[in-house]
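Written out below as structure tokens is the structure these notes cover.
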Amino acid sequence: AQSVTQPDIHITVSEGASLELRCNYSYGATPYLFWYVQSPGQGLQLLLKYFSGDTLVQGIKGFEAEFKRSQSSFNLRKPSVHWSDAAEYFCAVGAWEAAGNKLTFGGGTRVLVKP
Amino acid sequence: NAGVTQTPKFQVLKTGQSMTLQCAQDMNHNSMYWYRQDPGMGLRLIYYSASEGTTDKGEVPNGYNVSRLNKREFSLRLESAAPSQTSVYFCASSEIAVSYNEQFFGPGTRLTVL
């Protein structure tokens with residue numbers, strides 16, 4: 001069974017500074033990897049996804065993530081954070097199943113942005 | 001195009017009461033899902049419906065039942081609510097039930113069981 005670990009529960013970053021959120025996964029085959037963002041009181045929105053090919057993936061809102069198979073990681077980055085990036089971020093891994101589209105989520109990282 | 005909608009947004013129940021959470025999507029998606037979100041645990045899949053007429057258990061199905069009413073609607077029922085079911089519930093949908101298919105989420109229902 002697959003699993004996802006997000007080691008950082010909270011991260012505080014100054015506006016304009018860079019941001020990196022860590023995600024480590026465990027899965028026996030090539031994973032499908034996702035990053036979702038949840039703004040306060042809202043549902044989850046997909047930021048980006050990786051299925052195959054280029055290991056550096058570009059997403060919405062200026063985010064990117066890099067898949068590193070050797071490290072079983074899929075870290076999310078943004079060069080310059082805006083106050084509107086304050087939210088909770090979830091990494092998820094999908095696995096091929098005969099039926100269903102089962103995503104396994106990490107515990108989330110809450111990002112606070114200081115002015 | 002409203003996407004995925006959920007009702008109600010908030011609900012308080014007493015232990016032993018029952019209720020149904022409603023979910024509807026207008027994207028003509030085949031697959032729908034119910035998750036619960038608890039602090040520090042991310043989202044955990046309760047039940048899913050790969051296509052109209054089918055439902056399957058997810059990771060944490062105990063204490064819940066689901067109904068795929070039609071292609072648009074997927075409801076979650078708590079027959080006898082327990083405090084352990086206090087959580088935020090999210091409904092999601094995807095075009096088809098394969099792992100590379102993006103899931104679209106509703107705004108959530110915050111449920112408190114006293």
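By convention here, the chains of the structure tokens are called A, B, ... in the order presented, each chain's residues are numbered starting at 1, and ligands are numbered starting at 1 in the order presented.
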
*Give the residues of chain B that lie within 12 Å of chain A; count only C-alpha atoms, and format the answer as an NGL selection string.*
:B and (3-6 or 9-10 or 30-51 or 54-59 or 88-110)

*Excluding Leu13 (chain B) and any residue of its chain fewer than 3 positions from it, enumerate the residues within 10 Å of it, using only C-alpha atoms, and give them as a list in words.*
Gly16, Gln17, Ser18, Met19, Ser80, Ala81, Ala82, Pro83, Thr86, Leu111, Thr112, Val113 and Leu114 of chain B

*9 Å contact set for region 71-87 of chain A, only C-alpha atoms, chain neighbours under 2 positions out, as number ranges by chain*: A: 13-27, 33-35, 37-40, 50, 61-69, 89, 91, 109-115

*Please, which residues of region 9-60 of chain B, numbered as in this document, come out strand (DSSP E or B) from DSSP, as an MDAnalysis selection string?*
chainID B and resid 10:13 19:25 31:37 43:49 56:57

*Got a sec: who's within 7 Å of Glu73 (chain B), counting only C-alpha atoms, leaving out chain neighbours fewer than 5 positions off, as a list in words?*
Cys23, Ala24, Gln25 and Arg68 of chain B

Would you output that residue set with N, CA, C and O atoms, as a CSV table (one decimal), in the first residue's frame?
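So result-v9.csv came out as:
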```csv
chain,number,residue,atom,x,y,z
B,23,CYS,N,-24.2,15.5,-2.1
B,23,CYS,CA,-23.1,16.0,-3.0
B,23,CYS,C,-23.7,15.9,-4.4
B,23,CYS,O,-24.3,14.9,-4.8
B,24,ALA,N,-23.4,16.9,-5.2
B,24,ALA,CA,-23.8,16.9,-6.6
B,24,ALA,C,-22.7,17.5,-7.5
B,24,ALA,O,-22.0,18.4,-7.0
B,25,GLN,N,-22.5,17.0,-8.7
B,25,GLN,CA,-21.5,17.6,-9.6
B,25,GLN,C,-22.2,17.8,-11.0
B,25,GLN,O,-23.0,17.0,-11.4
B,68,ARG,N,-25.3,6.1,-4.7
B,68,ARG,CA,-25.1,6.9,-5.9
B,68,ARG,C,-26.5,7.0,-6.6
B,68,ARG,O,-27.0,6.1,-7.2
```
